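Trainee: Starting off with a structure, shown below.
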Amino acid sequence: MTADDTGSGADATPHPLAVRLEQLILGAERRYTPFQAARTAGVSMELATRFWRAMGFADVGQAKAFTEADVLALRRLAGLVEAGLLSEAMAVQVARSTGQTTARLAEWQIDSFLEGLTDPPEPGMTRTEVTYPIIELLLPELEEFLVYVWRRQLSASAGRVVQAADDEEMVDRRLCVGFADLVGFTRLTRRMEEEELGELVEAFETTAADLVAARGGRLIKTLGDEVLYAADDAAVAAEIALRLIETMANDETMPELRVGIAFGTVTTRMGDVFGTTVNLASRLTSIAPRDAVLVDSAFAEELIRTGEAPASEAEAAEAAATAEKEGEEPPTYRFALQPMWQRPVRGLGVVEPWLLTRRDVAPS
């Protein structure tokens with residue numbers, strides 16, 4: 001069953017190519033109504049409906065919209081609940097997170113593949129007609145690649161969970177959360193053509209995603225003119241923020257950027273992050289100067305505690321003088337912190353932001 005099936009359109013005659021594509025991708029024909037699929041899977045209609053809606057599938061009335069694969073998926077989810085491996089609520093969350101993630105992925109892949117097609121293999125073929133052979137060629141390779149990436153990501157996530165200090169930290173963890181926001185994006189949307197604007201957003205998201213991944217952070221989500229990322233280590237989060245500023249500043253096509261970072265307890269759900277720390281990072285971004293990074297006091301203290309930044313330049317000079325007197329190497333700091341004026345932030349009270357900059361000459 002497809003996510004765009006609807007109760008009103010279930011009885012309409014589908015496009016012949018759409019039928020062929022569905023059979024190619026699903027590897028089976030529609031055989032069951034929702035009630036028949038639920039009964040064959042040994043699942044109550046109520047639970048089956050919850051699973052289907054969680055995966056993003058519309059209600060289809062009593063049309064035949066389900067295949068053997070749909071029945072098997074229901075059996076597997078219900079079996080995990082019956083075996084006590086997942087609660088019913090957790091199984092629904094699994095269905096929802098998987099459905100939402102793969103729906104976006106599928107939409108992007110189809111749009112990208114078809115948009116990238118300029119010359120049909122045969123003269124006179126339409127883009128619609130080209131869709132079938134393209135999917136036929138790409139389907140097995142993309143399926144293998146999807147499983148590979150998923151296993152890699154699952155391995156990385158499982159590793160972070162095992163390294164958590166205690167059980168509570170597995171859900172409510174202390175993380176560095178950063179927002180990066182393009183300045184004046186709303187004004188740009190009024191001046192730029194849609195295609196040009198789309199290219200700018202894609203370039204920003206791609207650059208940000210590459211920088212976050214390369215430096216050891218995790219891209220949580222992109223929101224067009226804004227990206228949200230997280231890192232376990234304060235130095236990693238700081239390096240990502242400054243690299244983003246430096247990279248965008250060197251691109252004349254990009255607007256100016258501002259970044260806000262906060263450190264503290266974060267609740268993670270379905271790959272997203274929530275809580276006061278996330279809200280604070282967002283607020284810091286909104287008040288940050290152009291091409292600058294603002295951090296909260298907890299993040300500044302973490303950089304100082306780990307020796308990545310001095311508490312002040314006076315302290316750095318004193319430490320260097322002491323080291324020289326004792327014939328030792330002076331401490332090296334990667335970052336500098338400058339306290340800014342305390343200010344009230346809506347919903348969070350008074351905060352003390354710090355301006356984060358580099359102390360070294362230039363990035364390598």
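Chain labels follow the order of the structure tokens: the first chain is A, the next B, and so on; residue numbering restarts at 1 in every chain, and ligands are counted from 1 in their shown order.
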Write out as a PyMOL selection string the residues lying within 7 Å of Ala95 of chain A, counting only C-alpha atoms and excluding same-chain residues fewer than 2 positions away.

Mentor: chain A and resi 51+54-55+91-93+97-99

Trainee: I need the residues of segment 47-254 of chain A that end up classed as strand (DSSP E or B) by DSSP on the backbone, written out as a list in words.

Mentor: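 Selection result, strand (DSSP E or B) within segment 47-254 of chain A: Phe66, Asp172, Arg173, Arg174, Leu175, Cys176, Val177, Gly178, Phe179, Ala180, Asp181, Leu182, Arg218, Leu219, Ile220, Lys221, Thr222, Glu226, Val227, Leu228, Tyr229, Ala230 and Ala231 of chain A.
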
Trainee: Between A:Ala321, A:Leu142, A:Val345, A:Ala309, which residue has the minimum interatomic distance to Arg358 of chain A, considering only C-alpha atoms?

Mentor: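 Of the candidates, the smallest distance to Arg358 of chain A is held by A:Ala309.
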
Trainee: Can you tell me how far atom CA of Val183 of chain A sits from atom CA of Ala292 of chain A, in Å to one decimal?

Mentor: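 Separating atom CA of Val183 of chain A from atom CA of Ala292 of chain A is a distance of 11.1 Å.
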
Trainee: Can you pull out the residues contacting segment 199-212 of chain A? Cut-off 7 Å, using only C-alpha atoms, and skip same-chain residues under 4 positions away; I want them as a list in words.

Mentor: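 Once the nearby chain positions are removed, what remains is Glu195, Gly216, Gly217, Arg218, Leu219, Thr222, Gly224, Asp225, Ile240 and Leu244 of chain A.
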
Trainee: Could you tell me which of A:Asp111, A:Glu328, A:Glu129, A:Glu239 comes closest to Pro16 of chain A if we count only C-alpha atoms?

Mentor: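 Looking only at the distances to Pro16 of chain A, the closest residue turns out to be A:Glu129.
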
Trainee: Residues near segment 25-29 of chain A, anyone? I mean within 12 Å using only C-alpha atoms, not counting same-chain ones fewer than 4 positions away, as a PyMOL selection string.

Mentor: chain A and resi 1-2+18-21+64-71+106+131-140+142-143

Trainee: Output as an NGL selection string all residues of segment 130-321 of chain A that backbone DSSP marks as helix (DSSP H, G or I).

Mentor: :A and (130-162 or 168-170 or 185-191 or 194-214 or 234-249 or 276-287 or 297-305 or 313-321)

Trainee: With C-alpha atoms retained, export the selected residues as a compact mmCIF listing (two decimals), in the first residue's frame.

Mentor:
```
# COMPACT_ATOMS: atom_id res chain seq x y z
CA VAL A 130 11.46 6.63 -18.19
CA THR A 131 10.57 6.13 -14.52
CA TYR A 132 10.02 2.37 -14.77
CA PRO A 133 13.39 1.38 -16.29
CA ILE A 134 15.25 3.75 -13.94
CA ILE A 135 13.64 2.27 -10.83
CA GLU A 136 14.12 -1.25 -12.20
CA LEU A 137 17.87 -0.61 -12.48
CA LEU A 138 18.32 1.31 -9.22
CA LEU A 139 16.01 -0.66 -6.90
CA PRO A 140 18.33 -3.55 -5.92
CA GLU A 141 21.38 -1.30 -5.52
CA LEU A 142 19.53 1.31 -3.45
CA GLU A 143 18.00 -1.40 -1.26
CA GLU A 144 21.44 -2.85 -0.46
CA PHE A 145 22.88 0.60 0.17
CA LEU A 146 20.00 1.58 2.47
CA VAL A 147 20.53 -1.53 4.62
CA TYR A 148 24.29 -0.86 4.72
CA VAL A 149 23.89 2.76 5.88
CA TRP A 150 21.21 1.79 8.40
CA ARG A 151 23.48 -0.86 9.95
CA ARG A 152 26.35 1.63 10.12
CA GLN A 153 24.17 4.25 11.81
CA LEU A 154 22.68 1.65 14.17
CA SER A 155 26.18 0.55 15.15
CA ALA A 156 27.24 4.14 15.89
CA SER A 157 24.10 4.85 17.94
CA ALA A 158 24.43 1.59 19.89
CA GLY A 159 28.05 2.48 20.66
CA ARG A 160 27.03 5.85 22.10
CA VAL A 161 24.37 4.18 24.26
CA VAL A 162 26.82 1.66 25.74
CA GLU A 168 19.03 7.63 32.58
CA GLU A 169 21.75 9.14 30.40
CA MET A 170 20.67 6.90 27.53
CA PHE A 185 16.74 34.28 4.45
CA THR A 186 13.15 35.59 4.43
CA ARG A 187 14.22 38.62 2.38
CA LEU A 188 16.05 36.32 -0.03
CA THR A 189 12.89 34.31 -0.68
CA ARG A 190 11.25 37.47 -2.02
CA ARG A 191 14.10 38.31 -4.40
CA GLU A 194 12.39 29.33 -6.77
CA GLU A 195 15.01 27.22 -8.56
CA GLU A 196 17.83 29.52 -7.46
CA LEU A 197 16.56 29.51 -3.89
CA GLY A 198 16.34 25.71 -3.92
CA GLU A 199 19.95 25.46 -5.10
CA LEU A 200 21.10 27.79 -2.32
CA VAL A 201 19.28 25.78 0.37
CA GLU A 202 20.64 22.51 -1.01
CA ALA A 203 24.19 23.89 -1.08
CA PHE A 204 23.85 25.12 2.52
CA GLU A 205 22.42 21.85 3.80
CA THR A 206 25.03 19.78 1.94
CA THR A 207 27.94 21.88 3.19
CA ALA A 208 26.62 21.86 6.75
CA ALA A 209 25.98 18.11 6.71
CA ASP A 210 29.49 17.38 5.40
CA LEU A 211 31.17 19.63 7.97
CA VAL A 212 29.16 18.26 10.88
CA ALA A 213 29.89 14.65 9.92
CA ALA A 214 33.58 15.24 9.15
CA ALA A 234 32.32 20.75 23.50
CA ALA A 235 35.48 21.19 21.41
CA VAL A 236 33.87 19.27 18.54
CA ALA A 237 30.74 21.44 18.67
CA ALA A 238 32.86 24.61 18.78
CA GLU A 239 35.03 23.50 15.85
CA ILE A 240 31.93 22.70 13.76
CA ALA A 241 30.40 26.12 14.49
CA LEU A 242 33.53 28.05 13.54
CA ARG A 243 34.15 25.94 10.43
CA LEU A 244 30.59 26.63 9.30
CA ILE A 245 31.11 30.38 9.71
CA GLU A 246 34.49 30.29 7.92
CA THR A 247 33.26 28.10 5.05
CA MET A 248 30.13 30.13 4.37
CA ALA A 249 32.10 33.40 4.58
CA THR A 276 15.61 23.67 27.57
CA THR A 277 19.13 23.22 26.19
CA VAL A 278 17.79 23.02 22.64
CA ASN A 279 15.55 26.06 23.18
CA LEU A 280 18.49 28.02 24.60
CA ALA A 281 20.69 27.18 21.60
CA SER A 282 17.91 28.42 19.31
CA ARG A 283 17.51 31.68 21.26
CA LEU A 284 21.28 32.28 21.24
CA THR A 285 21.27 31.90 17.47
CA SER A 286 18.56 34.54 17.10
CA ILE A 287 20.63 37.13 19.06
CA SER A 297 27.77 29.82 30.17
CA ALA A 298 27.56 26.02 30.66
CA PHE A 299 29.21 25.48 27.27
CA ALA A 300 31.88 28.08 28.07
CA GLU A 301 32.60 26.38 31.41
CA GLU A 302 32.94 23.02 29.63
CA LEU A 303 35.52 24.43 27.20
CA ILE A 304 37.45 25.93 30.12
CA ARG A 305 37.24 22.71 32.16
CA GLU A 313 43.23 36.26 28.34
CA ALA A 314 44.80 37.42 31.61
CA GLU A 315 44.71 33.85 32.90
CA ALA A 316 46.23 32.59 29.65
CA ALA A 317 49.07 35.13 29.90
CA GLU A 318 49.70 34.23 33.55
CA ALA A 319 49.78 30.49 32.74
CA ALA A 320 52.23 31.13 29.88
CA ALA A 321 54.51 33.21 32.13
```

Trainee: If I take atom CA of Arg30 of chain A and atom CA of Ala63 of chain A, how far is one from the other in Å, to one decimal?

Mentor: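 One can read the atom CA of Arg30 of chain A to atom CA of Ala63 of chain A distance as 9.5 Å.
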
Trainee: Using only C-alpha atoms, which of A:Met340, A:Val227, A:Val295, A:Leu74 sits nearest Ala38 of chain A?

Mentor: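 Checking each candidate against Ala38 of chain A, we get A:Leu74 as the closest.
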
Trainee: What is the distance between atom CA of Gly275 of chain A and atom CA of Val350 of chain A, in Å to one decimal?

Mentor: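 Separation between atom CA of Gly275 of chain A and atom CA of Val350 of chain A: 17.2 Å.
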
Trainee: List the neighbours of Glu226 of chain A out to 8 Å using only C-alpha atoms; skip same-chain residues closer than 2 positions along the sequence, and give me the result as an MDAnalysis selection string.

Mentor: chainID A and resid 179:182 222:224 228

Trainee: Just write the chosen residues, N, CA and C atoms, as a PDB file, in the first residue's frame.

Mentor:
```pdb
ATOM      1  N   PHE A 179      22.718  25.418  16.732  1.00  0.00           N
ATOM      2  CA  PHE A 179      21.868  25.859  15.619  1.00  0.00           C
ATOM      3  C   PHE A 179      22.702  26.778  14.731  1.00  0.00           C
ATOM      4  N   ALA A 180      22.619  26.572  13.423  1.00  0.00           N
ATOM      5  CA  ALA A 180      23.253  27.482  12.462  1.00  0.00           C
ATOM      6  C   ALA A 180      22.154  28.034  11.565  1.00  0.00           C
ATOM      7  N   ASP A 181      22.106  29.355  11.432  1.00  0.00           N
ATOM      8  CA  ASP A 181      20.977  30.001  10.762  1.00  0.00           C
ATOM      9  C   ASP A 181      21.483  31.004   9.728  1.00  0.00           C
ATOM     10  N   LEU A 182      20.935  30.923   8.501  1.00  0.00           N
ATOM     11  CA  LEU A 182      21.275  31.886   7.456  1.00  0.00           C
ATOM     12  C   LEU A 182      20.594  33.227   7.757  1.00  0.00           C
ATOM     13  N   THR A 222      17.532  19.432   9.246  1.00  0.00           N
ATOM     14  CA  THR A 222      17.695  20.658   8.487  1.00  0.00           C
ATOM     15  C   THR A 222      16.326  21.289   8.295  1.00  0.00           C
ATOM     16  N   LEU A 223      16.284  22.617   8.348  1.00  0.00           N
ATOM     17  CA  LEU A 223      15.012  23.332   8.236  1.00  0.00           C
ATOM     18  C   LEU A 223      15.100  24.413   7.165  1.00  0.00           C
ATOM     19  N   GLY A 224      15.703  24.086   6.031  1.00  0.00           N
ATOM     20  CA  GLY A 224      15.838  25.052   4.949  1.00  0.00           C
ATOM     21  C   GLY A 224      16.963  26.031   5.214  1.00  0.00           C
ATOM     22  N   LEU A 228      20.323  21.969  12.673  1.00  0.00           N
ATOM     23  CA  LEU A 228      20.480  21.641  14.084  1.00  0.00           C
ATOM     24  C   LEU A 228      21.422  20.456  14.175  1.00  0.00           C
TER      25      LEU A 228
END
```

Trainee: Which residues come within 7 Å of Arg359 of chain A, counting only C-alpha atoms, excluding same-chain residues fewer than 4 positions away, as a PDB file with C-alpha atoms, in the first residue's frame?

Mentor:
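Result file follows (result-v3.pdb):
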```
ATOM      1  CA  TYR A 333      44.204  26.867  23.754  1.00  0.00           C
ATOM      2  CA  ARG A 334      42.182  26.373  20.585  1.00  0.00           C
ATOM      3  CA  PHE A 335      39.363  28.756  21.422  1.00  0.00           C
ATOM      4  CA  ALA A 336      38.781  32.124  23.059  1.00  0.00           C
TER       5      ALA A 336
END
```
